[in-house]
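Participant: I'm passing along input27.cif; it holds mmCIF, C-alpha atoms.
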```
data_protein
loop_
_atom_site.group_PDB
_atom_site.id
_atom_site.type_symbol
_atom_site.label_atom_id
_atom_site.label_comp_id
_atom_site.auth_asym_id
_atom_site.auth_seq_id
_atom_site.Cartn_x
_atom_site.Cartn_y
_atom_site.Cartn_z
ATOM 1 C CA MET A 27 128.578 96.481 142.361
ATOM 2 C CA ASP A 28 131.239 98.987 141.346
ATOM 3 C CA PRO A 29 130.603 102.654 142.239
ATOM 4 C CA TRP A 30 131.122 103.805 138.648
ATOM 5 C CA LEU A 31 128.353 101.471 137.510
ATOM 6 C CA ILE A 32 125.983 102.837 140.164
ATOM 7 C CA TRP A 33 126.686 106.408 138.988
ATOM 8 C CA LEU A 34 126.178 105.301 135.381
ATOM 9 C CA ILE A 35 122.770 103.791 136.239
ATOM 10 C CA ILE A 36 121.787 106.958 138.129
ATOM 11 C CA SER A 37 122.848 109.000 135.111
ATOM 12 C CA ALA A 38 120.772 106.899 132.719
ATOM 13 C CA VAL A 39 117.692 107.108 134.952
ATOM 14 C CA LEU A 40 117.999 110.896 135.250
ATOM 15 C CA ILE A 41 118.490 111.397 131.522
ATOM 16 C CA VAL A 42 115.506 109.188 130.673
ATOM 17 C CA ALA A 43 113.403 111.081 133.234
ATOM 18 C CA GLU A 44 114.490 114.337 131.561
ATOM 19 C CA ILE A 45 113.056 113.129 128.267
ATOM 20 C CA PHE A 46 109.622 112.921 129.887
ATOM 21 C CA THR A 47 109.767 116.156 131.922
ATOM 22 C CA LEU A 48 111.686 118.591 129.667
ATOM 23 C CA THR A 49 112.728 120.747 132.633
ATOM 24 C CA ALA A 50 116.458 120.697 131.778
ATOM 25 C CA ALA A 51 117.212 120.120 135.477
ATOM 26 C CA LEU A 52 117.191 116.334 135.452
ATOM 27 C CA GLY A 53 119.337 116.286 132.328
ATOM 28 C CA MET A 54 121.948 118.450 134.033
ATOM 29 C CA LEU A 55 121.936 116.143 137.053
ATOM 30 C CA GLY A 56 122.270 113.174 134.674
ATOM 31 C CA VAL A 57 125.332 114.764 133.083
ATOM 32 C CA ALA A 58 126.779 115.386 136.544
ATOM 33 C CA ALA A 59 126.219 111.720 137.438
ATOM 34 C CA LEU A 60 127.867 110.669 134.165
ATOM 35 C CA ILE A 61 130.957 112.782 134.928
ATOM 36 C CA THR A 62 130.976 111.391 138.462
ATOM 37 C CA SER A 63 130.869 107.883 136.988
ATOM 38 C CA GLY A 64 134.071 108.691 135.133
ATOM 39 C CA SER A 65 135.715 109.984 138.307
ATOM 40 C CA ALA A 66 134.637 106.841 140.167
ATOM 41 C CA ALA A 67 136.127 104.700 137.391
ATOM 42 C CA ALA A 68 139.359 106.693 137.763
ATOM 43 C CA GLY A 69 139.512 105.549 141.396
ATOM 44 C CA LEU A 70 138.427 108.615 143.412
ATOM 45 C CA SER A 71 137.107 107.873 146.869
ATOM 46 C CA THR A 72 133.395 108.103 147.687
ATOM 47 C CA PRO A 73 133.574 111.546 149.402
ATOM 48 C CA PHE A 74 135.371 112.981 146.355
ATOM 49 C CA GLN A 75 132.774 111.399 144.064
ATOM 50 C CA PHE A 76 130.020 113.227 145.946
ATOM 51 C CA LEU A 77 132.076 116.410 145.790
ATOM 52 C CA VAL A 78 132.459 116.034 142.003
ATOM 53 C CA PHE A 79 128.722 115.379 141.660
ATOM 54 C CA THR A 80 127.841 118.418 143.806
ATOM 55 C CA VAL A 81 130.196 120.795 141.997
ATOM 56 C CA VAL A 82 129.217 119.674 138.498
ATOM 57 C CA SER A 83 125.507 119.759 139.420
ATOM 58 C CA ALA A 84 125.786 123.260 140.842
ATOM 59 C CA VAL A 85 127.723 124.587 137.849
ATOM 60 C CA THR A 86 125.374 123.084 135.289
ATOM 61 C CA LEU A 87 122.195 124.094 137.109
ATOM 62 C CA LEU A 88 123.349 127.642 137.808
ATOM 63 C CA PHE A 89 125.029 128.452 134.496
ATOM 64 C CA LEU A 90 123.942 126.061 131.739
ATOM 65 C CA ARG A 91 120.267 125.545 132.616
ATOM 66 C CA PRO A 92 119.229 129.210 132.140
ATOM 67 C CA VAL A 93 120.897 129.213 128.713
ATOM 68 C CA ALA A 94 119.191 125.945 127.757
ATOM 69 C CA LEU A 95 115.783 127.225 128.881
ATOM 70 C CA ARG A 96 116.189 130.413 126.853
ATOM 71 C CA HIS A 97 116.744 128.304 123.754
ATOM 72 C CA LEU A 98 113.848 125.961 124.524
ATOM 73 C CA VAL A 99 111.246 128.634 125.307
ATOM 74 C CA LYS A 100 111.392 131.216 122.541
ATOM 75 C CA PRO A 101 108.726 133.904 122.376
ATOM 76 C CA GLN A 102 106.291 133.734 119.487
ATOM 77 C CA THR A 103 107.491 136.130 116.805
ATOM 78 C CA GLN A 104 104.449 136.078 114.534
ATOM 79 C CA ARG A 105 100.795 136.645 115.312
ATOM 80 C CA PHE A 106 98.217 134.282 113.853
ATOM 81 C CA GLY A 107 94.465 134.245 113.389
ATOM 82 C CA VAL A 108 92.484 137.232 114.574
ATOM 83 C CA ASP A 109 95.479 138.507 116.558
ATOM 84 C CA ALA A 110 97.181 139.237 113.237
ATOM 85 C CA LEU A 111 94.332 141.565 112.244
ATOM 86 C CA VAL A 112 94.831 143.901 115.200
ATOM 87 C CA GLY A 113 96.677 147.005 114.021
ATOM 88 C CA GLN A 114 95.694 146.614 110.373
ATOM 89 C CA ALA A 115 93.766 149.124 108.316
ATOM 90 C CA ALA A 116 90.150 148.461 107.419
ATOM 91 C CA TYR A 117 87.699 150.032 104.966
ATOM 92 C CA VAL A 118 84.251 150.983 106.291
ATOM 93 C CA VAL A 119 81.511 149.291 104.220
ATOM 94 C CA ALA A 120 78.527 150.431 106.331
ATOM 95 C CA ASP A 121 78.468 153.289 108.855
ATOM 96 C CA VAL A 122 80.122 152.217 112.089
ATOM 97 C CA THR A 123 78.657 153.336 115.415
ATOM 98 C CA GLY A 124 79.064 152.145 118.963
ATOM 99 C CA ARG A 125 76.438 149.454 118.301
ATOM 100 C CA GLU A 126 76.778 148.325 114.677
ATOM 101 C CA GLY A 127 78.605 148.608 111.395
ATOM 102 C CA ARG A 128 80.620 146.668 108.813
ATOM 103 C CA VAL A 129 84.242 146.904 107.728
ATOM 104 C CA ARG A 130 86.412 145.110 105.185
ATOM 105 C CA ILE A 131 89.684 143.803 106.623
ATOM 106 C CA GLY A 132 92.031 142.193 104.136
ATOM 107 C CA GLY A 133 89.237 141.191 101.758
ATOM 108 C CA GLU A 134 86.821 139.887 104.413
ATOM 109 C CA GLU A 135 83.793 141.668 105.812
ATOM 110 C CA TRP A 136 83.519 141.917 109.581
ATOM 111 C CA THR A 137 80.898 143.302 111.887
ATOM 112 C CA ALA A 138 82.344 146.342 113.556
ATOM 113 C CA ARG A 139 81.814 148.795 116.368
ATOM 114 C CA SER A 140 83.458 152.081 117.038
ATOM 115 C CA TYR A 141 86.035 151.858 119.824
ATOM 116 C CA ASP A 142 84.734 155.232 121.006
ATOM 117 C CA GLU A 143 80.973 154.671 121.358
ATOM 118 C CA THR A 144 80.210 158.346 120.678
ATOM 119 C CA LEU A 145 81.801 158.305 117.218
ATOM 120 C CA VAL A 146 79.964 157.616 113.984
ATOM 121 C CA ILE A 147 82.392 156.589 111.259
ATOM 122 C CA PRO A 148 80.970 157.168 107.760
ATOM 123 C CA ARG A 149 81.029 154.680 104.919
ATOM 124 C CA GLY A 150 84.226 154.865 102.845
ATOM 125 C CA ALA A 151 86.488 155.909 105.735
ATOM 126 C CA THR A 152 89.697 154.107 106.589
ATOM 127 C CA VAL A 153 89.987 152.877 110.166
ATOM 128 C CA ASP A 154 92.480 151.026 112.328
ATOM 129 C CA VAL A 155 91.512 147.752 113.980
ATOM 130 C CA LEU A 156 92.229 148.141 117.696
ATOM 131 C CA GLU A 157 90.687 144.955 119.041
ATOM 132 C CA ILE A 158 88.793 141.859 117.923
ATOM 133 C CA SER A 159 86.216 140.299 120.217
ATOM 134 C CA GLY A 160 84.534 137.228 118.808
ATOM 135 C CA THR A 161 83.479 138.230 115.304
ATOM 136 C CA THR A 162 83.369 141.960 115.989
ATOM 137 C CA ALA A 163 86.193 144.340 115.166
ATOM 138 C CA PHE A 164 86.557 147.436 117.317
ATOM 139 C CA VAL A 165 87.848 150.230 115.096
ATOM 140 C CA TYR A 166 88.956 153.834 115.335
ATOM 141 C CA PRO A 167 89.198 156.315 112.426
ATOM 142 C CA ARG A 168 92.594 157.135 110.990
ATOM 143 C CA GLU A 169 93.701 160.713 111.176
#
```
What's the structure tokens form of this structure?
Facilitator:
Amino acid sequence: MDPWLIWLIISAVLIVAEIFTLTAALGMLGVAALITSGSAAAGLSTPFQFLVFTVVSAVTLLFLRPVALRHLVKPQTQRFGVDALVGQAAYVVADVTGREGRVRIGGEEWTARSYDETLVIPRGATVDVLEISGTTAFVYPRE
């Protein structure tokens, strides 16, 4: 079997394995094997083929992989669910203490507790939602 065909098979196996792992490492090695297949088809000797594979693998893994991973793993830019309520203003419907109370956040009523257990927040006050635990909003009065 010709060396270029062996490198081509190795390249195909690595690229298919990359599809299942999504690590970006196997894909880079597959590209290196594909380039090495071309050098083998051009008639380079076996030691030079391994040198081409090593150099291309090192360059792609050290320089291209970090860039590819940055594009694959983007941080979440928006908050969803109850996380989106943290930091919003709320209107106190029933006096809020360290043990009980009710607030209206964006049109919905929530059970609430004062973030500072010693505070009593009167009805009608505007508060900030500092934390949500289960179905309870922990609030602190606005100043």
Participant: One number please: atom CA of A:Ile41 to atom CA of A:Ser71, in Å, one decimal.
Facilitator: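 About the pair atom CA of A:Ile41 and atom CA of A:Ser71: they are 24.4 Å apart.
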Participant: What do you get, as a count of residues only, if you spell out every residue that the PyMOL selection byres ((chain A and resi 85-101) around 12) selects here?
Facilitator: 24
Participant: If you apply the PyMOL selection byres ((chain A and resi 124-135) around 12) to this file, what residues do you get, as a PDB file with C-alpha atoms, in the frame of the given file?
Facilitator:
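Saved as selection29.pdb:
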```pdb
ATOM      1  CA  VAL A 108      92.484 137.232 114.574  1.00  0.00           C
ATOM      2  CA  ALA A 110      97.181 139.237 113.237  1.00  0.00           C
ATOM      3  CA  LEU A 111      94.332 141.565 112.244  1.00  0.00           C
ATOM      4  CA  VAL A 112      94.831 143.901 115.200  1.00  0.00           C
ATOM      5  CA  GLY A 113      96.677 147.005 114.021  1.00  0.00           C
ATOM      6  CA  GLN A 114      95.694 146.614 110.373  1.00  0.00           C
ATOM      7  CA  ALA A 115      93.766 149.124 108.316  1.00  0.00           C
ATOM      8  CA  ALA A 116      90.150 148.461 107.419  1.00  0.00           C
ATOM      9  CA  TYR A 117      87.699 150.032 104.966  1.00  0.00           C
ATOM     10  CA  VAL A 118      84.251 150.983 106.291  1.00  0.00           C
ATOM     11  CA  VAL A 119      81.511 149.291 104.220  1.00  0.00           C
ATOM     12  CA  ALA A 120      78.527 150.431 106.331  1.00  0.00           C
ATOM     13  CA  ASP A 121      78.468 153.289 108.855  1.00  0.00           C
ATOM     14  CA  VAL A 122      80.122 152.217 112.089  1.00  0.00           C
ATOM     15  CA  THR A 123      78.657 153.336 115.415  1.00  0.00           C
ATOM     16  CA  TRP A 136      83.519 141.917 109.581  1.00  0.00           C
ATOM     17  CA  THR A 137      80.898 143.302 111.887  1.00  0.00           C
ATOM     18  CA  ALA A 138      82.344 146.342 113.556  1.00  0.00           C
ATOM     19  CA  ARG A 139      81.814 148.795 116.368  1.00  0.00           C
ATOM     20  CA  SER A 140      83.458 152.081 117.038  1.00  0.00           C
ATOM     21  CA  TYR A 141      86.035 151.858 119.824  1.00  0.00           C
ATOM     22  CA  ASP A 142      84.734 155.232 121.006  1.00  0.00           C
ATOM     23  CA  GLU A 143      80.973 154.671 121.358  1.00  0.00           C
ATOM     24  CA  THR A 144      80.210 158.346 120.678  1.00  0.00           C
ATOM     25  CA  LEU A 145      81.801 158.305 117.218  1.00  0.00           C
ATOM     26  CA  VAL A 146      79.964 157.616 113.984  1.00  0.00           C
ATOM     27  CA  ILE A 147      82.392 156.589 111.259  1.00  0.00           C
ATOM     28  CA  PRO A 148      80.970 157.168 107.760  1.00  0.00           C
ATOM     29  CA  ARG A 149      81.029 154.680 104.919  1.00  0.00           C
ATOM     30  CA  GLY A 150      84.226 154.865 102.845  1.00  0.00           C
ATOM     31  CA  ALA A 151      86.488 155.909 105.735  1.00  0.00           C
ATOM     32  CA  THR A 152      89.697 154.107 106.589  1.00  0.00           C
ATOM     33  CA  VAL A 153      89.987 152.877 110.166  1.00  0.00           C
ATOM     34  CA  ASP A 154      92.480 151.026 112.328  1.00  0.00           C
ATOM     35  CA  VAL A 155      91.512 147.752 113.980  1.00  0.00           C
ATOM     36  CA  ILE A 158      88.793 141.859 117.923  1.00  0.00           C
ATOM     37  CA  THR A 161      83.479 138.230 115.304  1.00  0.00           C
ATOM     38  CA  THR A 162      83.369 141.960 115.989  1.00  0.00           C
ATOM     39  CA  ALA A 163      86.193 144.340 115.166  1.00  0.00           C
ATOM     40  CA  PHE A 164      86.557 147.436 117.317  1.00  0.00           C
ATOM     41  CA  VAL A 165      87.848 150.230 115.096  1.00  0.00           C
ATOM     42  CA  TYR A 166      88.956 153.834 115.335  1.00  0.00           C
ATOM     43  CA  PRO A 167      89.198 156.315 112.426  1.00  0.00           C
TER      44      PRO A 167
END
```
Participant: Report, in Å with one decimal, the straight-line distance from atom CA of A:Pro73 to atom CA of A:Ile32.
Facilitator: 14.8 Å
Participant: Would you compute the distance between atom CA of A:Ala68 and atom CA of A:Pro29? Give it in Å to one decimal.
Facilitator: 10.6 Å
Participant: Show me, as AutoDock Vina command-line options, the centre and edge lengths in Å to one decimal of the axis-aligned box that covers every listed atom of stretch 155-158 of chain A with 3 Å on each side.
Facilitator:
```
--center_x 90.5 --center_y 145.0 --center_z 116.5 --size_x 9.4 --size_y 12.3 --size_z 11.1
```
Participant: List the neighbours of A:Trp30 out to 8 Å using only C-alpha atoms; skip same-chain residues closer than 6 positions along the sequence, and give me the result as a list in words.
Facilitator: Thr62, Ser63, Gly64, Ser65, Ala66 and Ala67 of chain A
Participant: Could you add whatever atoms are missing so that stretch 123-134 of chain A carries all heavy atoms, then write the result as a JSON list (two decimals), in the coordinates of the input?
Facilitator:
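That gives us result03.json:
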```json
[["chain", "number", "residue", "atom", "x", "y", "z"],
["A", 123, "THR", "N", 79.00, 152.60, 114.19],
["A", 123, "THR", "CA", 78.66, 153.34, 115.42],
["A", 123, "THR", "C", 79.13, 152.51, 116.60],
["A", 123, "THR", "O", 79.81, 151.49, 116.43],
["A", 123, "THR", "CB", 77.13, 153.56, 115.50],
["A", 123, "THR", "OG1", 76.49, 152.28, 115.65],
["A", 123, "THR", "CG2", 76.60, 154.28, 114.29],
["A", 124, "GLY", "N", 78.72, 152.90, 117.77],
["A", 124, "GLY", "CA", 79.06, 152.15, 118.96],
["A", 124, "GLY", "C", 78.30, 150.85, 119.08],
["A", 124, "GLY", "O", 78.60, 150.02, 119.94],
["A", 125, "ARG", "N", 77.27, 150.65, 118.22],
["A", 125, "ARG", "CA", 76.44, 149.45, 118.30],
["A", 125, "ARG", "C", 76.49, 148.56, 117.07],
["A", 125, "ARG", "O", 76.22, 147.37, 117.17],
["A", 125, "ARG", "CB", 74.99, 149.84, 118.58],
["A", 125, "ARG", "CG", 74.79, 150.38, 119.98],
["A", 125, "ARG", "CD", 73.36, 150.70, 120.24],
["A", 125, "ARG", "NE", 73.03, 151.94, 119.50],
["A", 125, "ARG", "CZ", 71.83, 152.27, 119.11],
["A", 125, "ARG", "NH1", 70.82, 151.48, 119.35],
["A", 125, "ARG", "NH2", 71.62, 153.39, 118.46],
["A", 126, "GLU", "N", 76.82, 149.13, 115.89],
["A", 126, "GLU", "CA", 76.78, 148.32, 114.68],
["A", 126, "GLU", "C", 77.66, 148.92, 113.59],
["A", 126, "GLU", "O", 78.15, 150.04, 113.71],
["A", 126, "GLU", "CB", 75.34, 148.22, 114.16],
["A", 126, "GLU", "CG", 74.75, 149.55, 113.78],
["A", 126, "GLU", "CD", 73.30, 149.45, 113.36],
["A", 126, "GLU", "OE1", 72.78, 148.32, 113.30],
["A", 126, "GLU", "OE2", 72.70, 150.49, 113.09],
["A", 127, "GLY", "N", 77.83, 148.16, 112.54],
["A", 127, "GLY", "CA", 78.60, 148.61, 111.40],
["A", 127, "GLY", "C", 79.29, 147.44, 110.72],
["A", 127, "GLY", "O", 79.28, 146.32, 111.23],
["A", 128, "ARG", "N", 79.90, 147.71, 109.55],
["A", 128, "ARG", "CA", 80.62, 146.67, 108.81],
["A", 128, "ARG", "C", 81.89, 147.26, 108.25],
["A", 128, "ARG", "O", 81.91, 148.40, 107.77],
["A", 128, "ARG", "CB", 79.77, 146.11, 107.67],
["A", 128, "ARG", "CG", 78.45, 145.63, 108.12],
["A", 128, "ARG", "CD", 77.99, 144.24, 107.91],
["A", 128, "ARG", "NE", 78.69, 143.24, 107.20],
["A", 128, "ARG", "CZ", 78.99, 142.05, 107.75],
["A", 128, "ARG", "NH1", 78.72, 141.82, 109.01],
["A", 128, "ARG", "NH2", 79.55, 141.12, 107.04],
["A", 129, "VAL", "N", 82.96, 146.49, 108.30],
["A", 129, "VAL", "CA", 84.24, 146.90, 107.73],
["A", 129, "VAL", "C", 84.81, 145.76, 106.90],
["A", 129, "VAL", "O", 84.45, 144.60, 107.09],
["A", 129, "VAL", "CB", 85.27, 147.32, 108.82],
["A", 129, "VAL", "CG1", 84.82, 148.56, 109.56],
["A", 129, "VAL", "CG2", 85.55, 146.18, 109.77],
["A", 130, "ARG", "N", 85.70, 146.11, 105.99],
["A", 130, "ARG", "CA", 86.41, 145.11, 105.18],
["A", 130, "ARG", "C", 87.86, 145.12, 105.65],
["A", 130, "ARG", "O", 88.56, 146.12, 105.55],
["A", 130, "ARG", "CB", 86.32, 145.44, 103.70],
["A", 130, "ARG", "CG", 86.95, 144.38, 102.82],
["A", 130, "ARG", "CD", 86.76, 144.67, 101.34],
["A", 130, "ARG", "NE", 85.37, 144.86, 100.96],
["A", 130, "ARG", "CZ", 84.50, 143.87, 100.68],
["A", 130, "ARG", "NH1", 84.92, 142.62, 100.75],
["A", 130, "ARG", "NH2", 83.27, 144.12, 100.34],
["A", 131, "ILE", "N", 88.30, 143.96, 106.16],
["A", 131, "ILE", "CA", 89.68, 143.80, 106.62],
["A", 131, "ILE", "C", 90.33, 142.74, 105.76],
["A", 131, "ILE", "O", 89.95, 141.57, 105.82],
["A", 131, "ILE", "CB", 89.76, 143.37, 108.10],
["A", 131, "ILE", "CG1", 88.92, 144.27, 108.99],
["A", 131, "ILE", "CG2", 91.21, 143.35, 108.58],
["A", 131, "ILE", "CD1", 88.76, 143.75, 110.42],
["A", 132, "GLY", "N", 91.30, 143.15, 104.96],
["A", 132, "GLY", "CA", 92.03, 142.19, 104.14],
["A", 132, "GLY", "C", 91.15, 141.35, 103.25],
["A", 132, "GLY", "O", 91.37, 140.16, 103.10],
["A", 133, "GLY", "N", 90.08, 141.93, 102.68],
["A", 133, "GLY", "CA", 89.24, 141.19, 101.76],
["A", 133, "GLY", "C", 88.06, 140.50, 102.41],
["A", 133, "GLY", "O", 87.23, 139.91, 101.71],
["A", 134, "GLU", "N", 87.94, 140.53, 103.72],
["A", 134, "GLU", "CA", 86.82, 139.89, 104.41],
["A", 134, "GLU", "C", 85.98, 140.94, 105.11],
["A", 134, "GLU", "O", 86.51, 141.89, 105.67],
["A", 134, "GLU", "CB", 87.33, 138.89, 105.46],
["A", 134, "GLU", "CG", 88.08, 137.73, 104.89],
["A", 134, "GLU", "CD", 88.58, 136.79, 106.00],
["A", 134, "GLU", "OE1", 88.61, 137.21, 107.16],
["A", 134, "GLU", "OE2", 88.91, 135.65, 105.67]]
```
